[in-house]
Every structure is written in C-alpha cells, then in structure tokens.
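Novice: If you scroll down you'll find the structure; I have some questions about it.
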Amino acid sequence: MNNDYEKFSLTLFDIGLNQKLLNVFYRNSLTLLDIVKSNQMFNEFLIDLSIDKNKKKKVIQEIFNKKFNNLFIYFIWTVIDLNQTKSILNILNKFISIYFEYTKTKLVKIYSAFPLNSKQLNNIKNILNKKTNMNVKYTFAIDKNLIGGVKIVSDSFTIDNTIKTKINNIKYGG
C-alpha cells in the first residue's frame with residue numbers, strides 16, 4: 001500500500017468487519033460521500049487545515065450524531081486528527097471498493113430512454129446477478145438519446161441493447 005488513504009480505507013474495513021458493522025459503514029460512507037460531493041462549503045470546511053480540529057469534530061458530531069454509527073464518527077475524527085481530510089473522498093471510495101469486493105457486489109448503471117418500473121429493474125438485476133455470480137446494485141438514469149432499449153454499464157462491462165446503437169451499427173456497418 002503506497003497511499004495513506006488506502007491504509008485508512010483498510011482500517012475502516014477491518015473495524016467494520018470485526019464489529020459486524022460493514023453494512024452500516026457502507027451506508028454511512030455513501031451518505032458522507034454524497035454530502036461531501038454535493039456540498040462544496042462542507043467539503044472546504046473539512047479540508048481546511050486552518051480550522052481547529054476540535055471544531056471540526058464538534059460539527060461532525062452535531063450533524064451526524066443520530067445518522068451515523070459512533071465508531072464511524074470516531075473514525076472520521078481520527079481522519080481529522082491526522083490531517084487526512086483532504087483524502088476523505090479517496091478513503092471512502094476505496095472503502096466502498098473493498099466492501100464490494102468482499103461482498104461480491106457489482107455496481108452498474110442502467111440507462112433507458114424511458115422510465116423503467118421496479119419490476120423491470122429488478123428483472124434486469126436478477127439476470128445480472130445470475131450472469132455475474134455477484135450481488136448487483138444499480139442506479140438508474142434516463143437518457144432520451146438512446147431512443148429505446150437499455151444500456152447497462154459497469155467498471156468491467158457494457159451491455160448496449162439500445163435502438164441508437166442498432167441504428168449506428170446499420171448506418172456505419174458495425
């Protein structure tokens with residue numbers, strides 16, 4: 001491990017595993033990631049080394065006391081104490097990656113030109129679970145440019161069964 005953030009991620013994973021809190025830490029990580037990514041002011045507050053560490057920890061405690069597991073909060077405090085808040089996105093993303101590997105989870109993004117109902121999405125998920133031998137988690141997005149059909153994208157594969165691609169294949173001989 002040549003990156004400090006990887007050591008932090010592994011530490012969070014080990015604590016979660018030993019305390020049987022992996023799923024809780026996963027959900028807490030997703031929530032904190034979302035907040036840090038979507039709230040520039042909060043992100044700047046976290047990474048600003050001129051702000052007193054105790055003030056940061058107090059704010060974290062006040063905001064997340066009822067939302068996050070206490071061990072997860074203490075872990076974030078450690079990140080603050082060790083001046084690693086600039087790496088919080090990397091730490092959380094790496095933890096999620098380790099979590100996915102451990103739980104044999106695959107994250108995919110499903111695109112469609114039109115909304116899909118929960119039954120259709122669950123059918124796609126169940127097919128992918130069987131084909132990949134993994135627990136598939138998905139996000140869904142509408143892309144009107146696809147015209148029709150479905151496109152599924154993960155870090156290791158893409159399944160494109162859209163009308164747009166079929167037209168392009170006919171048009172360009174693909």
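Chain labels A, B, ... are given in the sequence in which chains occur in the structure tokens; within each chain residues are numbered consecutively from 1, and ligands are likewise numbered from 1 in the order shown.
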List every residue of range 1-164 of chain A that DSSP, applied to the backbone, labels as alpha helix (DSSP H), and write the result as a ChimeraX atom specification.
Specialist: /A:4-18,22-38,40-47,53-64,70-81,88-102,118-132,163-164
Novice: Using DSSP assignments from the backbone, pull out every residue in chain A that falls under strand (DSSP E) and give it to me as a list in words.
Specialist: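 Of chain A, only Thr105, Lys106, Leu107, Val108, Lys109, Ile110, Tyr111, Ser112, Asn135, Val136, Lys137, Tyr138, Thr139, Phe140, Ala141, Ile142, Gly149, Val150, Lys151, Ile152, Val153, Thr158, Ile159, Asp160, Asn161 and Thr162 of chain A fall in strand (DSSP E).
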Novice: Once you have the residues from the selection above, write them out as a short mmCIF file (atom, residue, chain, number, x, y, z; two decimals), in the first residue's frame, restricted to N, CA and C atoms.
Specialist:
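Dumped to part21.cif:
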```cif
data_model
loop_
_atom_site.label_atom_id
_atom_site.label_comp_id
_atom_site.auth_asym_id
_atom_site.auth_seq_id
_atom_site.Cartn_x
_atom_site.Cartn_y
_atom_site.Cartn_z
N THR A 105 -20.06 -7.73 -4.69
CA THR A 105 -21.07 -6.80 -5.19
C THR A 105 -20.54 -6.10 -6.43
N LYS A 106 -21.41 -5.94 -7.40
CA LYS A 106 -21.08 -5.23 -8.64
C LYS A 106 -22.03 -4.05 -8.76
N LEU A 107 -21.48 -2.87 -8.97
CA LEU A 107 -22.29 -1.67 -9.16
C LEU A 107 -22.45 -1.42 -10.65
N VAL A 108 -23.69 -1.28 -11.10
CA VAL A 108 -23.95 -0.99 -12.50
C VAL A 108 -24.86 0.23 -12.61
N LYS A 109 -24.77 0.86 -13.75
CA LYS A 109 -25.67 1.97 -14.07
C LYS A 109 -26.54 1.51 -15.23
N ILE A 110 -27.84 1.61 -15.06
CA ILE A 110 -28.79 1.20 -16.09
C ILE A 110 -29.36 2.47 -16.72
N TYR A 111 -29.25 2.54 -18.06
CA TYR A 111 -29.78 3.68 -18.81
C TYR A 111 -30.93 3.21 -19.69
N SER A 112 -31.94 4.04 -19.80
CA SER A 112 -33.06 3.77 -20.69
C SER A 112 -33.60 5.11 -21.19
N ASN A 135 -23.66 -9.94 -6.40
CA ASN A 135 -24.81 -9.18 -5.93
C ASN A 135 -24.78 -7.82 -6.64
N VAL A 136 -25.69 -7.60 -7.54
CA VAL A 136 -25.69 -6.37 -8.34
C VAL A 136 -26.48 -5.28 -7.63
N LYS A 137 -25.86 -4.12 -7.52
CA LYS A 137 -26.55 -2.91 -7.06
C LYS A 137 -26.58 -1.98 -8.27
N TYR A 138 -27.68 -1.26 -8.44
CA TYR A 138 -27.78 -0.43 -9.64
C TYR A 138 -28.27 0.97 -9.30
N THR A 139 -27.91 1.85 -10.21
CA THR A 139 -28.53 3.18 -10.25
C THR A 139 -29.18 3.27 -11.62
N PHE A 140 -30.18 4.09 -11.72
CA PHE A 140 -30.93 4.19 -12.97
C PHE A 140 -30.92 5.64 -13.44
N ALA A 141 -30.79 5.81 -14.75
CA ALA A 141 -30.85 7.15 -15.34
C ALA A 141 -31.56 7.08 -16.68
N ILE A 142 -32.28 8.13 -16.96
CA ILE A 142 -32.95 8.25 -18.26
C ILE A 142 -32.02 9.00 -19.20
N GLY A 149 -34.76 0.87 -25.67
CA GLY A 149 -33.87 -0.18 -25.22
C GLY A 149 -33.18 0.18 -23.92
N VAL A 150 -32.18 -0.63 -23.58
CA VAL A 150 -31.48 -0.48 -22.30
C VAL A 150 -29.99 -0.58 -22.53
N LYS A 151 -29.25 0.21 -21.76
CA LYS A 151 -27.79 0.13 -21.75
C LYS A 151 -27.36 -0.05 -20.30
N ILE A 152 -26.48 -1.03 -20.05
CA ILE A 152 -26.01 -1.33 -18.71
C ILE A 152 -24.49 -1.17 -18.71
N VAL A 153 -24.00 -0.36 -17.76
CA VAL A 153 -22.57 -0.05 -17.72
C VAL A 153 -22.03 -0.35 -16.32
N THR A 158 -19.97 -3.49 -20.55
CA THR A 158 -21.09 -2.69 -21.03
C THR A 158 -21.98 -3.58 -21.88
N ILE A 159 -23.26 -3.53 -21.61
CA ILE A 159 -24.25 -4.23 -22.42
C ILE A 159 -25.12 -3.14 -23.05
N ASP A 160 -25.08 -3.06 -24.35
CA ASP A 160 -25.81 -2.00 -25.04
C ASP A 160 -26.83 -2.60 -25.99
N ASN A 161 -28.08 -2.56 -25.58
CA ASN A 161 -29.17 -3.09 -26.39
C ASN A 161 -30.15 -1.95 -26.70
N THR A 162 -29.58 -0.83 -27.19
CA THR A 162 -30.40 0.34 -27.45
C THR A 162 -30.65 0.50 -28.94
#
```
Novice: May I have a table of the residues of range 64-142 of chain A lying at most 7 Å from range 21-38 of chain A, giving each one's closest pair of atoms and their distance in Å to one decimal, counting only C-alpha atoms, ordered by chain and ascending residue number, as a Markdown table?
Specialist:
```
| residue | atom | partner | partner_atom | distance |
| --- | --- | --- | --- | --- |
| A:Phe68 | CA | A:Asn28 | CA | 5.9 |
| A:Phe72 | CA | A:Phe25 | CA | 6.5 |
| A:Leu89 | CA | A:Leu33 | CA | 6.5 |
| A:Leu92 | CA | A:Ser29 | CA | 5.9 |
| A:Ile96 | CA | A:Tyr26 | CA | 6.5 |
```
Novice: Based on the selection just made, write N, CA and C atoms of those residues as a PDB file, in the first residue's frame.
Specialist:
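Listed below is the output, out-v9.pdb:
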```pdb
ATOM      1  N   PHE A  68     -25.186   8.563  11.907  1.00  0.00           N
ATOM      2  CA  PHE A  68     -24.055   7.664  11.698  1.00  0.00           C
ATOM      3  C   PHE A  68     -23.757   6.858  12.951  1.00  0.00           C
ATOM      4  N   PHE A  72     -18.080   4.898  13.330  1.00  0.00           N
ATOM      5  CA  PHE A  72     -17.821   5.578  12.065  1.00  0.00           C
ATOM      6  C   PHE A  72     -17.460   7.039  12.323  1.00  0.00           C
ATOM      7  N   LEU A  89     -12.566  11.717   0.252  1.00  0.00           N
ATOM      8  CA  LEU A  89     -13.230  11.091  -0.892  1.00  0.00           C
ATOM      9  C   LEU A  89     -12.522   9.804  -1.304  1.00  0.00           C
ATOM     10  N   LEU A  92     -13.132   7.009   1.403  1.00  0.00           N
ATOM     11  CA  LEU A  92     -14.472   6.426   1.345  1.00  0.00           C
ATOM     12  C   LEU A  92     -14.681   5.615   0.065  1.00  0.00           C
ATOM     13  N   ILE A  96     -15.444   1.593  -0.111  1.00  0.00           N
ATOM     14  CA  ILE A  96     -16.581   1.029  -0.840  1.00  0.00           C
ATOM     15  C   ILE A  96     -16.095  -0.024  -1.839  1.00  0.00           C
TER      16      ILE A  96
END
```
Novice: Determine the nearest neighbour of Ser97 in chain A from the options A:Leu71, A:Leu10, A:Leu128, A:Ile63, counting only C-alpha atoms.
Specialist: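 Comparing A:Leu71, A:Leu10, A:Leu128, A:Ile63 against Ser97 in chain A, the winner is A:Leu10.
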Novice: Wanna dump the range 82-162 of chain A-range 44-47 of chain A contacts at 9 Å for me, each residue with its shortest atom pair and the distance in Å to one decimal, counting only C-alpha atoms, ordered by chain and number, as CSV?
Specialist:
```
residue,atom,partner,partner_atom,distance
A:Asn83,CA,A:Ile47,CA,8.2
A:Gln84,CA,A:Ile47,CA,8.0
A:Thr85,CA,A:Ile47,CA,5.1
A:Lys86,CA,A:Ile47,CA,4.9
A:Ser87,CA,A:Ile47,CA,8.4
A:Ile88,CA,A:Ile47,CA,8.6
```
Novice: Given the selection you just returned, output its residues as a file containing C-alpha atoms, formatted as a tab-separated table (two decimals), in the first residue's frame.
Specialist:
```tsv
chain	number	residue	atom	x	y	z
A	83	ASN	CA	-4.89	15.83	8.92
A	84	GLN	CA	-6.13	13.43	6.24
A	85	THR	CA	-9.44	15.14	5.48
A	86	LYS	CA	-8.18	16.16	2.04
A	87	SER	CA	-8.26	12.44	1.23
A	88	ILE	CA	-11.76	11.76	2.58
```
Novice: Have a look at CA of Phe42 in chain A and CA of Asn3 in chain A and let me know their distance in Å, one decimal.
Specialist: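 If I compute the distance from CA of Phe42 in chain A to CA of Asn3 in chain A, I get 24.1 Å.
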Novice: Quick one: everything within 12 Å of Asn54 in chain A, counting only C-alpha atoms, minus sequence neighbours fewer than 4 positions away in the same chain. Send it as a list in words.
Specialist: Leu46, Leu49, Ser50, Lys58, Val59, Ile60, Gln61, Trp77, Thr78, Ile80 and Asp81 of chain A
Novice: I want to know what sits within 6 Å of range 164-171 of chain A, based on only C-alpha atoms, with residues of the same chain fewer than 2 positions away left out; could you give that as a list in words?
Specialist: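 Contacts, with the query itself left out: Leu146, Ile147, Thr162, Gly173 and Gly174 of chain A.
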Novice: May I ask which of the residues A:Lys20, A:Lys56, A:Lys104, A:Lys94 is the closest one to Glu6 in chain A, counting only C-alpha atoms?
Specialist: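 Ranking A:Lys20, A:Lys56, A:Lys104, A:Lys94 by distance to Glu6 in chain A, first place goes to A:Lys94.
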Novice: Counting only C-alpha atoms, figure out which residue out of A:Lys130, A:Lys7, A:Lys144, A:Lys57 gets nearest to Ile73 in chain A.
Specialist: A:Lys57
Novice: One number please: CA of Gly148 in chain A to CA of Phe114 in chain A, in Å, one decimal.
Specialist: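 CA of Gly148 in chain A sits 7.3 Å away from CA of Phe114 in chain A.
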Novice: Can you work out the spacing between CA of Glu62 in chain A and CA of Asn39 in chain A in Å, to one decimal?
Specialist: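 Atom-to-atom, CA of Glu62 in chain A and CA of Asn39 in chain A are spaced 16.8 Å apart.
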